[in-house]
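Report on the following structure.
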Number of protein chains: 2
Amino acid sequence: MASLLRLPSLLVPAAARPAALLRHRGRCLHTSPARLFPAATTAGASSAAPVKMETRGGDREGQVTPRSTDFNAWYTDVIAAAELADYGPVRGTMVIRPYGYAIWEAIQDYLNVKFKETGHSNMYFPQFIPYSFIEKEASHVQGFSPELAVVTIGGGKELEEKLVVRPTSETIVNHMFTKWIQSYRDLPLMINQWANVTRWEMRTKPFIRTLEFLWQEGHTAHATLEEAEKEAMQMIDVYTKFAYEQAAIPVIPGRKSRVETFAGADRTYTIEAMMGDKKALQAGTSHNLGQNFSRAFETQFMDENGQLEHVWQTSWAISTRFVGGIIMTHGDDAGLMLPPRIAPIQVVIVPIWKKGDEKGVVMEAVASVQNTLKEAGIRVKVDDSELRTPGWKFNFYEMKGVPIRIELGPRDVKNRSVVLSRRDVPGKQGKEFGISMEPSILVDHIKGRLEEIQASLLQKAITFRDSNIVDVNSYGELKEVISEGKWARGPWSASDADELKVKEETSATIRCFPFDQPEGAKKCFMTGNPADEVAIFAKSY
Amino acid sequence: MASLLRLPSLLVPAAARPAALLRHRGRCLHTSPARLFPAATTAGASSAAPVKMETRGGDREGQVTPRSTDFNAWYTDVIAAAELADYGPVRGTMVIRPYGYAIWEAIQDYLNVKFKETGHSNMYFPQFIPYSFIEKEASHVQGFSPELAVVTIGGGKELEEKLVVRPTSETIVNHMFTKWIQSYRDLPLMINQWANVTRWEMRTKPFIRTLEFLWQEGHTAHATLEEAEKEAMQMIDVYTKFAYEQAAIPVIPGRKSRVETFAGADRTYTIEAMMGDKKALQAGTSHNLGQNFSRAFETQFMDENGQLEHVWQTSWAISTRFVGGIIMTHGDDAGLMLPPRIAPIQVVIVPIWKKGDEKGVVMEAVASVQNTLKEAGIRVKVDDSELRTPGWKFNFYEMKGVPIRIELGPRDVKNRSVVLSRRDVPGKQGKEFGISMEPSILVDHIKGRLEEIQASLLQKAITFRDSNIVDVNSYGELKEVISEGKWARGPWSASDADELKVKEETSATIRCFPFDQPEGAKKCFMTGNPADEVAIFAKSY
């Protein structure tokens with residue numbers, strides 16, 4: 001078993017490690033030894049001590065379930081071992097730990113700039129929404145009412161009107177837009193907010209589907225349908241570019257079917273990503289809301305001819321779910337694998353020395369290399385802990401998906417060079433020896449390697465995606481492709497009822513009508529009628 | 001009346017402006033003309049049109065209540081006219097508009113860097129806290145239970161355990177810390193989160209006290225009391241430095257009295273700011289929590305000798321309330337006045353031209369100056385709208401508190417120079433003519449002026465503060481000073497009961513025992529007993 005071969009030498013003898021520590025599924029990602037050795041029993045304290053000491057990034061990171069054996073178990077194991085997240089005390093909630101949050105910050109940093117460049121301003125709306133607001137837009141209430149968390153008590157008293165904890169903000173945004181928009185001169189109004197949202201999901205999964213999650217939600221109002229449509233397309237393009245260029249995820253952008261369209265939208269655009277188990281992940285959406293909310297909330301403006309018109313709107317969002325998408329796209333049996341552009345740590349330096357008199361020269365060289373990289377804008381971390389062996393550290397930062405590792409020992413210092421290891425190329429093939437410490441050479445080399453890794457992760461994901469999308473020309477073919485766990489692409493012009501039938505019989509849904517369409521005449525694989533477009537069907541998260 | 005003299009020439013004749021538009025207090029900051037001219041009445045549409053057109057930053061910005069007449073009305077008027085915030089649909093909630101949010105972003109940008117520099121990582125905890133958690137720490141539940149918002153329904157069902165929407169996160173943080181901390185090697189654990197929090201306040205005021213607000217909350221765990229104390233002090237120092245150097249607010253840092261200490265803390269440190277009406281604003285706090293929460297949640301670690309100990313903790317926070325503090329410290333009758341370092345717009349350029357053939361050369365020069373400043377890292381905005389007169393724009397950006405205005409007309413283009421106006425120096429005295437457009441000269445000049453303005457705002461606030469703090473040696477003196485609206489400083493070693501008596505009789509509370517203490521023997525002004533410290537008393541927000 002590959003993961004066992006990777007097991008580092010441990011500070012604690014295997015016998016001292018209870019088996020229960022090595023697996024941690026289900027309710028609690030992070031089985032705490034404090035639970036096994038109750039804190040109150042001071043008598044047992046000293047014998048429990050060695051176990052307690054290895055819990056921060058303990059011995060579990062060599063121990064994740066192999067991806068091929070059980071993809072879901074691998075996913076939660078990696079989240080625990082790479083210290084990305086933990087379960088909150090309330091069912092379905094998640095604590096995002098510093099390393100996981102740093103990935104979210106990288107997503108925010110990029111998108112926040114793009115949103116501003118495309119003319120949007122950040123602002124903040126209250127999260128409590130009067131229950132009556134939710135009921136104003138018919139399909140919206142139908143879509144969201146089963147998932148609402150409701151505040152009924154405030155300041156010790158039963159509230160007159162129940163308050164919904166926002167599942168999304170279209171209703172309250174429109175309430176405010178109605179106050180702010182009077183004339184065509186007030187348009188377009190283009191805003192965004194970074195916020196938490198709550199949806200009472202029954203089946204949850206860290207990052208992918210949690211009761212509360214973090215996201216950005218853009219909301220815009222325009223004078224014409226054309227402008228709103230252009231905006232909705234612009235934002236799905238921003239997301240697509242982000243996915244490809246930053247997260248190295250080759251998403252397929254397209255339009256949702258009527259059945260899958262957002263509750264309250266005329267059109268929903270989506271980016272669909274293929275995870276490592278070939279299931280689809282809806283990784284971001286952009287909605288053309290038409291006049292649905294502006295009619296429900298009477299959001300009107302006076303046009304240039306003095307006519308009162310309802311505004312045309314869009315909304316668009318990406319959430320912490322995207323972090324789950326990154327894990328499930330790039331990870332392998334050794335753990336997480338992060339694209340350099342969004343990796344919180346791009347390079348980790350592991351000093352190696354045995355005799356005390358070696359330490360000084362090694363640490364001096366390490367500090368110098370660290371400074372060189374830092375000044376070049378590379379996100380670098382030195383792990384100089386003496387509590388862990390170099391071997392343990394190698395595995396730990398592989399688990400954390402750090403793109404490049406630098407090893408630096410006494411012989412390297414003598415040669416004024418370092419050893420490099422690429423996270424994405426396992427074993428000896430990913431190693432480079434004798435890379436000069438000379439700042440300009442080292443910086444150029446590492447920057448080049450980071451770009452190579454970025455490109456390589458994307459290329460690998462594209463190859464994987466393309467080898468798992470199969471063109472189908474009959475419902476039978478679709479069934480076969482879906483049963484193999486792949487994505488099926490075929491001409492489709494059948495009814496909503498047919499779409500639901502496919503879902504019922506195969507568990508696959510239309511992920512999108514991709515923007516990228518084959519040319520030529522097509523016949524719907526279900527009905528034989530002419531079809532304008534192909535659709536992509538897949539099982540999804 | 002100064003504010004009337006500042007009234008710009010308006011596009012809409014005064015007769016067309018209903019008086020109701022000119023004042024907007026109480027429930028609705030932003031009285032919408034749509035409410036006065038119901039949207040449904042299309043018959044009246046064309047006559048309503050001219051009024052509707054002037055609502056974005058309409059004609060109200062020359063119309064705020066003078067600060068001296070009614071400070072509270074001035075405050076809410078400025079918030080509306082400078083487009084900082086609006087009321088949400090639920091009582092006591094606030095929508096933070098882009099310009100107000102940009103000030104919050106400037107606060108975040110600075111503090112986020114400082115938090116990381118001092119060794120803290122960002123992360124995110126769920127906002128829903130089991131009700132039972134809140135009850136675990138005795139004084140915590142007493143302090144917060146009257147202010148809780150409670151979720152009782154989730155996914156359409158009554159919940160078995162009610163969930164509190166976080167008023168602060170000590171309880172859930174400790175629940176998780178108990179899982180993560182086992183050994184002294186896991187300490188210190190130092191984290192921060194940027195989040196929304198909910199407190200069911202009865203008397204609310206935009207930014208200062210709202211049902212929901214945004215903040216950062218730092219939480220740390222340490223092996224010793226000394227370390228925790230050092231951390232609590234370090235963070236109040238970070239806040240103090242931020243207030244002085246960025247917000248130009250000369251806060252007084254100090255320790256809270258027992259009565260005013262945070263519910264669950266052993267010690268609370270605070271920064272207290274004097275607002276323009278001389279009331280005190282608690283602008284940030286840092287708590288030494290001792291072992292109160294670690295005992296309640298059994299957050300223990302094994303020390304180096306194998307002994308199980310409870311961790312020592314801190315927490316510290318600054319919120320969107322600080323934006324209110326900035327408004328109330330620096331604003332004047334003309335509106336907001338922003339310290340350059342946190343101003344979303346540091347320089348606004350107003351192009352001035354009359355004849356069509358002037359426009360081209362003026363706009364070319366404007367673009368060139370804009371680029372020059374932008375490249376120099378100065379936050380610059382050009383307002384080239386042709387819907388507004390230059391005079392209107394002058395007043396609008398004064399209302400928004402933009403530190404420097406550049407005027408640029410055909411004659412300036414000919415002379416290769418610009419006209420500068422400082423927001424903080426009214427009238428002709430604040431104007432400079434003939435400043436060269438030559439990039440290096442202009443950039444140096446403006447950078448110098450921005451620094452001058454920054455320093456000048458701070459100095460003005462220090463002078464104001466110091467002239468309004470009076471040393472007192474008897475309760476009689478204190479009463480007199482407080483009745484004049486000033487701050488009283490005097491030796492204090494009396495009881496909690498005495499402190500509450502002062503509050504009841506004068507409405508003043510102990511704001512803090514300032515770190516900066518006079519030397520020499522002191523006698524408590526209330527009891528005549530020896531006193532170690534002076535305390536500052538004031539009415540507060």
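Ordered as shown in the structure tokens, chains take letters A, B, and onward, while each chain numbers its residues from 1 and ligands are numbered from 1 in the order shown.
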
Discussion item. Excluding range 521-532 of chain A and its own-chain neighbours fewer than 2 positions away, which residues fall within 6 Å of it when counting only C-alpha atoms? Please give them as a PyMOL selection string.
Written reply: chain A and resi 473-475+491-493

For C-alpha atoms, I'd like the residues from the last selection saved as a CSV table (one decimal), in the first residue's frame.
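Once written, selection10.csv looks like this:
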```csv
chain,number,residue,atom,x,y,z
A,473,ASN,CA,-26.2,9.3,-29.5
A,474,SER,CA,-28.9,7.3,-27.7
A,475,TYR,CA,-30.3,7.0,-24.2
A,491,PRO,CA,-27.7,16.4,-28.5
A,492,TRP,CA,-30.7,17.3,-26.3
A,493,SER,CA,-34.1,19.0,-27.0
```

Discussion item. Residues of chain B within 6 Å of chain A, counting only C-alpha atoms, what are they? List them as JSON, numbers by chain.
Written reply: {"B": [32, 46, 52, 53, 95, 96, 97, 98, 101, 121, 122, 123, 124, 125, 146, 147, 148, 149, 150, 151, 153, 154, 155, 156, 179, 182, 183, 200, 306]}

Discussion item. Over all Cα atoms paired in order, how far apart are chain A and chain B after a least-squares superposition, as an RMSD in Å?
Written reply: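 Least-squares fit of chain A onto chain B, C-alpha RMSD 0.1 Å.
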
Item to complete: Write out as a PyMOL selection string which residues come within 8 Å of Thr268 in chain A when counting only C-alpha atoms, dropping same-chain ones fewer than 2 positions away.
Response: chain A and resi 255-256+261-262+265-266+270+285-288

Practice prompt. Considering only C-alpha atoms, return as a VMD selection string whatever protein or nucleic-acid residues lie within 12 Å of Asp357 in chain A, sequence-local ones (same chain, fewer than 5 positions apart) excluded.
Written response: chain A and resid 362 to 363 410

Discussion item. Report as a ChimeraX atom specification all protein, DNA and RNA residues lying within 8 Å of Gly325 in chain A, evaluated on only C-alpha atoms, omitting residues in the same chain fewer than 2 positions from it.
Written reply: /A:208,273,275,281,283,321-323,327-329

Put those residues in a file: all heavy atoms, as a compact mmCIF listing (two decimals), in the first residue's frame.
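Okay, this is what ended up in again_23.txt:
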```txt
# COMPACT_ATOMS: atom_id res chain seq x y z
N ILE A 208 -18.03 21.25 0.65
CA ILE A 208 -18.92 21.05 -0.49
C ILE A 208 -20.36 21.46 -0.18
O ILE A 208 -21.03 22.10 -1.00
CB ILE A 208 -18.88 19.56 -0.94
CG1 ILE A 208 -17.46 19.20 -1.39
CG2 ILE A 208 -19.88 19.30 -2.05
CD1 ILE A 208 -16.89 20.08 -2.46
N ALA A 273 -17.02 21.48 -12.90
CA ALA A 273 -15.68 20.90 -12.78
C ALA A 273 -15.78 19.39 -12.58
O ALA A 273 -16.69 18.91 -11.90
CB ALA A 273 -14.97 21.53 -11.59
N MET A 275 -14.38 16.26 -10.79
CA MET A 275 -13.57 15.89 -9.63
C MET A 275 -12.78 14.61 -9.93
O MET A 275 -13.02 13.96 -10.93
CB MET A 275 -14.46 15.68 -8.40
CG MET A 275 -15.27 16.91 -8.00
SD MET A 275 -14.24 18.31 -7.43
CE MET A 275 -14.06 19.28 -8.92
N LEU A 281 -18.82 18.93 -10.14
CA LEU A 281 -19.04 19.92 -9.09
C LEU A 281 -19.42 21.25 -9.74
O LEU A 281 -18.68 21.78 -10.56
CB LEU A 281 -17.78 20.11 -8.24
CG LEU A 281 -17.95 21.05 -7.04
CD1 LEU A 281 -18.67 20.33 -5.90
CD2 LEU A 281 -16.60 21.58 -6.56
N ALA A 283 -19.21 24.74 -9.65
CA ALA A 283 -18.18 25.47 -8.92
C ALA A 283 -18.42 26.98 -8.86
O ALA A 283 -17.73 27.71 -8.14
CB ALA A 283 -16.82 25.20 -9.53
N ARG A 321 -17.08 26.26 -1.20
CA ARG A 321 -17.16 24.98 -1.92
C ARG A 321 -16.00 24.84 -2.89
O ARG A 321 -15.53 23.72 -3.15
CB ARG A 321 -18.50 24.96 -2.67
CG ARG A 321 -18.52 24.06 -3.88
CD ARG A 321 -19.87 24.04 -4.52
NE ARG A 321 -20.67 23.01 -3.87
CZ ARG A 321 -21.61 22.30 -4.50
NH1 ARG A 321 -21.89 22.52 -5.77
NH2 ARG A 321 -22.28 21.38 -3.88
N PHE A 322 -15.53 25.97 -3.44
CA PHE A 322 -14.45 25.91 -4.42
C PHE A 322 -13.19 25.27 -3.82
O PHE A 322 -12.41 24.62 -4.52
CB PHE A 322 -14.13 27.32 -4.95
CG PHE A 322 -13.57 27.30 -6.35
CD1 PHE A 322 -14.37 27.56 -7.45
CD2 PHE A 322 -12.24 26.99 -6.57
CE1 PHE A 322 -13.85 27.51 -8.73
CE2 PHE A 322 -11.71 26.94 -7.84
CZ PHE A 322 -12.52 27.19 -8.93
N VAL A 323 -12.98 25.47 -2.52
CA VAL A 323 -11.82 24.86 -1.84
C VAL A 323 -11.94 23.34 -1.93
O VAL A 323 -10.95 22.64 -2.21
CB VAL A 323 -11.72 25.33 -0.37
CG1 VAL A 323 -10.56 24.63 0.33
CG2 VAL A 323 -11.56 26.85 -0.28
N ILE A 327 -9.32 20.54 -3.74
CA ILE A 327 -8.86 19.30 -3.11
C ILE A 327 -9.16 18.10 -4.02
O ILE A 327 -8.29 17.27 -4.29
CB ILE A 327 -9.55 19.08 -1.74
CG1 ILE A 327 -9.31 20.26 -0.80
CG2 ILE A 327 -9.08 17.76 -1.11
CD1 ILE A 327 -10.18 20.25 0.45
N MET A 328 -10.40 18.04 -4.50
CA MET A 328 -10.85 16.85 -5.24
C MET A 328 -10.38 16.82 -6.69
O MET A 328 -10.52 15.81 -7.35
CB MET A 328 -12.38 16.74 -5.18
CG MET A 328 -12.86 16.36 -3.77
SD MET A 328 -14.54 15.70 -3.79
CE MET A 328 -15.49 17.19 -3.97
N THR A 329 -9.86 17.94 -7.20
CA THR A 329 -9.32 17.93 -8.56
C THR A 329 -7.87 17.45 -8.57
O THR A 329 -7.49 16.64 -9.40
CB THR A 329 -9.37 19.35 -9.17
OG1 THR A 329 -10.72 19.78 -9.22
CG2 THR A 329 -8.77 19.36 -10.58
```

Secondary structure check, helix (DSSP H, G or I) residues of range 181-409 of chain B, as a short mmCIF file (atom, residue, chain, number, x, y, z; two decimals) with N, CA and C atoms, in the first residue's frame:
```
data_model
loop_
_atom_site.label_atom_id
_atom_site.label_comp_id
_atom_site.auth_asym_id
_atom_site.auth_seq_id
_atom_site.Cartn_x
_atom_site.Cartn_y
_atom_site.Cartn_z
N TYR B 184 1.87 21.40 25.54
CA TYR B 184 2.49 22.74 25.51
C TYR B 184 3.06 23.04 24.12
N ARG B 185 3.31 21.98 23.36
CA ARG B 185 3.83 22.20 22.01
C ARG B 185 2.78 22.76 21.07
N ASP B 186 1.51 22.65 21.46
CA ASP B 186 0.42 23.21 20.64
C ASP B 186 0.21 24.69 20.96
N LEU B 225 -0.03 32.66 32.40
CA LEU B 225 -0.74 33.92 32.62
C LEU B 225 0.07 35.08 32.03
N GLU B 226 1.38 35.04 32.25
CA GLU B 226 2.24 36.14 31.81
C GLU B 226 2.17 36.32 30.29
N GLU B 227 2.21 35.18 29.59
CA GLU B 227 2.13 35.24 28.13
C GLU B 227 0.80 35.81 27.66
N ALA B 228 -0.28 35.39 28.31
CA ALA B 228 -1.61 35.88 27.94
C ALA B 228 -1.69 37.38 28.19
N GLU B 229 -1.16 37.81 29.33
CA GLU B 229 -1.18 39.23 29.66
C GLU B 229 -0.39 40.04 28.64
N LYS B 230 0.75 39.51 28.25
CA LYS B 230 1.60 40.18 27.26
C LYS B 230 0.86 40.31 25.91
N GLU B 231 0.16 39.23 25.56
CA GLU B 231 -0.61 39.24 24.30
C GLU B 231 -1.74 40.26 24.36
N ALA B 232 -2.49 40.27 25.46
CA ALA B 232 -3.61 41.22 25.59
C ALA B 232 -3.09 42.65 25.47
N MET B 233 -1.94 42.92 26.08
CA MET B 233 -1.34 44.25 26.01
C MET B 233 -0.83 44.54 24.60
N GLN B 234 -0.22 43.53 23.97
CA GLN B 234 0.28 43.73 22.61
C GLN B 234 -0.83 44.16 21.68
N MET B 235 -2.02 43.52 21.82
CA MET B 235 -3.09 43.82 20.87
C MET B 235 -3.74 45.17 21.15
N ILE B 236 -3.81 45.57 22.42
CA ILE B 236 -4.34 46.92 22.66
C ILE B 236 -3.35 47.96 22.13
N ASP B 237 -2.07 47.61 22.12
CA ASP B 237 -1.07 48.50 21.52
C ASP B 237 -1.24 48.60 20.00
N VAL B 238 -1.53 47.44 19.37
CA VAL B 238 -1.78 47.46 17.92
C VAL B 238 -2.96 48.38 17.62
N TYR B 239 -4.02 48.26 18.41
CA TYR B 239 -5.20 49.11 18.20
C TYR B 239 -4.87 50.59 18.42
N THR B 240 -4.10 50.86 19.47
CA THR B 240 -3.76 52.25 19.79
C THR B 240 -2.97 52.88 18.64
N LYS B 241 -2.01 52.11 18.15
CA LYS B 241 -1.18 52.59 17.05
C LYS B 241 -2.05 52.82 15.80
N PHE B 242 -2.93 51.89 15.54
CA PHE B 242 -3.84 52.06 14.41
C PHE B 242 -4.65 53.34 14.55
N ALA B 243 -5.22 53.54 15.73
CA ALA B 243 -6.08 54.70 15.95
C ALA B 243 -5.29 56.00 15.72
N TYR B 244 -4.12 56.10 16.32
CA TYR B 244 -3.31 57.30 16.17
C TYR B 244 -2.81 57.49 14.74
N GLU B 245 -2.17 56.47 14.22
CA GLU B 245 -1.41 56.65 12.98
C GLU B 245 -2.25 56.56 11.72
N ASN B 292 -10.95 31.47 32.67
CA ASN B 292 -12.40 31.37 32.84
C ASN B 292 -13.04 30.45 31.81
N PHE B 293 -12.69 30.64 30.56
CA PHE B 293 -13.29 29.79 29.52
C PHE B 293 -12.61 28.42 29.46
N SER B 294 -11.31 28.38 29.74
CA SER B 294 -10.64 27.08 29.66
C SER B 294 -11.14 26.15 30.77
N ARG B 295 -11.51 26.72 31.92
CA ARG B 295 -12.11 25.89 32.97
C ARG B 295 -13.52 25.45 32.57
N ALA B 296 -14.29 26.36 32.01
CA ALA B 296 -15.67 26.04 31.63
C ALA B 296 -15.69 24.98 30.51
N ARG B 321 -18.10 49.75 14.30
CA ARG B 321 -18.29 50.91 15.17
C ARG B 321 -17.18 51.94 14.96
N PHE B 322 -15.98 51.46 14.65
CA PHE B 322 -14.85 52.37 14.46
C PHE B 322 -15.12 53.37 13.33
N VAL B 323 -15.88 52.95 12.32
CA VAL B 323 -16.23 53.88 11.23
C VAL B 323 -17.04 55.04 11.81
N GLY B 324 -17.97 54.73 12.71
CA GLY B 324 -18.72 55.78 13.39
C GLY B 324 -17.80 56.71 14.16
N GLY B 325 -16.78 56.14 14.78
CA GLY B 325 -15.82 56.93 15.54
C GLY B 325 -15.06 57.91 14.64
N ILE B 326 -14.73 57.47 13.45
CA ILE B 326 -14.02 58.35 12.50
C ILE B 326 -14.92 59.52 12.09
N ILE B 327 -16.18 59.20 11.80
CA ILE B 327 -17.13 60.26 11.41
C ILE B 327 -17.23 61.29 12.54
N MET B 328 -17.43 60.81 13.77
CA MET B 328 -17.71 61.71 14.89
C MET B 328 -16.47 62.39 15.45
N THR B 329 -15.28 61.93 15.06
CA THR B 329 -14.07 62.62 15.51
C THR B 329 -13.73 63.79 14.59
N HIS B 330 -13.79 63.55 13.27
CA HIS B 330 -13.21 64.53 12.35
C HIS B 330 -14.22 65.38 11.59
N PRO B 340 -6.21 60.99 5.45
CA PRO B 340 -5.76 60.47 4.15
C PRO B 340 -5.41 58.98 4.15
N ARG B 341 -4.83 58.48 5.24
CA ARG B 341 -4.38 57.09 5.20
C ARG B 341 -5.52 56.09 5.11
N ILE B 342 -6.72 56.47 5.56
CA ILE B 342 -7.83 55.53 5.43
C ILE B 342 -8.91 56.03 4.48
N GLY B 356 -17.34 73.79 -25.57
CA GLY B 356 -17.08 72.43 -26.04
C GLY B 356 -15.64 72.22 -26.48
N ASP B 357 -15.02 73.25 -27.07
CA ASP B 357 -13.65 73.06 -27.58
C ASP B 357 -12.63 73.03 -26.45
N GLU B 358 -13.04 73.41 -25.24
CA GLU B 358 -12.12 73.34 -24.09
C GLU B 358 -12.04 71.92 -23.54
N LYS B 359 -13.14 71.19 -23.75
CA LYS B 359 -13.26 69.89 -23.10
C LYS B 359 -12.08 68.96 -23.42
N GLY B 360 -11.72 68.90 -24.69
CA GLY B 360 -10.67 67.98 -25.11
C GLY B 360 -9.36 68.19 -24.38
N VAL B 361 -8.87 69.42 -24.38
CA VAL B 361 -7.58 69.68 -23.74
C VAL B 361 -7.65 69.48 -22.23
N VAL B 362 -8.77 69.89 -21.63
CA VAL B 362 -8.91 69.73 -20.18
C VAL B 362 -8.91 68.24 -19.82
N MET B 363 -9.72 67.47 -20.55
CA MET B 363 -9.83 66.05 -20.19
C MET B 363 -8.52 65.30 -20.44
N GLU B 364 -7.77 65.76 -21.42
CA GLU B 364 -6.47 65.14 -21.69
C GLU B 364 -5.53 65.38 -20.51
N ALA B 365 -5.51 66.61 -20.03
CA ALA B 365 -4.66 66.96 -18.88
C ALA B 365 -5.13 66.20 -17.63
N VAL B 366 -6.44 66.11 -17.46
CA VAL B 366 -7.01 65.40 -16.31
C VAL B 366 -6.55 63.94 -16.31
N ALA B 367 -6.63 63.31 -17.47
CA ALA B 367 -6.23 61.90 -17.58
C ALA B 367 -4.76 61.74 -17.25
N SER B 368 -3.96 62.70 -17.70
CA SER B 368 -2.53 62.62 -17.45
C SER B 368 -2.23 62.78 -15.96
N VAL B 369 -2.88 63.75 -15.31
CA VAL B 369 -2.67 63.94 -13.87
C VAL B 369 -3.16 62.72 -13.10
N GLN B 370 -4.30 62.19 -13.51
CA GLN B 370 -4.84 61.00 -12.85
C GLN B 370 -3.85 59.84 -12.92
N ASN B 371 -3.29 59.61 -14.09
CA ASN B 371 -2.31 58.53 -14.24
C ASN B 371 -1.09 58.75 -13.39
N THR B 372 -0.60 59.97 -13.41
CA THR B 372 0.58 60.31 -12.61
C THR B 372 0.35 59.94 -11.14
N LEU B 373 -0.81 60.36 -10.62
CA LEU B 373 -1.09 60.12 -9.20
C LEU B 373 -1.30 58.63 -8.92
N LYS B 374 -2.03 57.99 -9.82
CA LYS B 374 -2.32 56.56 -9.65
C LYS B 374 -1.03 55.75 -9.61
N GLU B 375 -0.14 56.07 -10.53
CA GLU B 375 1.14 55.35 -10.57
C GLU B 375 1.98 55.58 -9.33
N PRO B 390 -19.43 71.94 -11.51
CA PRO B 390 -18.26 71.85 -10.64
C PRO B 390 -18.59 72.24 -9.19
N GLY B 391 -19.39 73.27 -9.00
CA GLY B 391 -19.74 73.70 -7.64
C GLY B 391 -20.44 72.59 -6.87
N TRP B 392 -21.33 71.90 -7.55
CA TRP B 392 -22.03 70.77 -6.91
C TRP B 392 -21.02 69.72 -6.49
N LYS B 393 -20.07 69.45 -7.39
CA LYS B 393 -19.07 68.41 -7.09
C LYS B 393 -18.18 68.82 -5.92
N PHE B 394 -17.80 70.11 -5.89
CA PHE B 394 -16.96 70.58 -4.77
C PHE B 394 -17.63 70.20 -3.44
N ASN B 395 -18.92 70.54 -3.33
CA ASN B 395 -19.63 70.27 -2.08
C ASN B 395 -19.80 68.77 -1.81
N PHE B 396 -20.05 68.03 -2.89
CA PHE B 396 -20.30 66.60 -2.72
C PHE B 396 -19.06 65.89 -2.16
N TYR B 397 -17.89 66.22 -2.70
CA TYR B 397 -16.67 65.55 -2.23
C TYR B 397 -16.18 66.10 -0.90
N GLU B 398 -16.58 67.32 -0.58
CA GLU B 398 -16.33 67.80 0.79
C GLU B 398 -17.20 67.00 1.75
N MET B 399 -18.45 66.80 1.38
CA MET B 399 -19.35 65.97 2.20
C MET B 399 -18.76 64.58 2.40
#
```

Worksheet item: Could you state the separation of CA of Gly430 in chain A and CA of Arg405 in chain A in Å, given to one decimal place?
Response: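 So the two atoms, CA of Gly430 in chain A and CA of Arg405 in chain A, lie 10.3 Å apart.
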
Worksheet item: How many Å separate CA of Arg449 in chain A from CA of Pro66 in chain A?
Response: 27.4 Å

Item to complete: May I ask for the distance between CA of Ser385 in chain B and CA of Ile352 in chain B, given in Å to one decimal place?
Response: 10.9 Å

Discussion item. Counting only C-alpha atoms, which residue out of B:Val425, B:Ile378, B:Ile462, B:Ala247 sits closest to Ala334 in chain B?
Written reply: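 Of B:Val425, B:Ile378, B:Ile462, B:Ala247, the one nearest Ala334 in chain B, counting only C-alpha atoms, is B:Val425.
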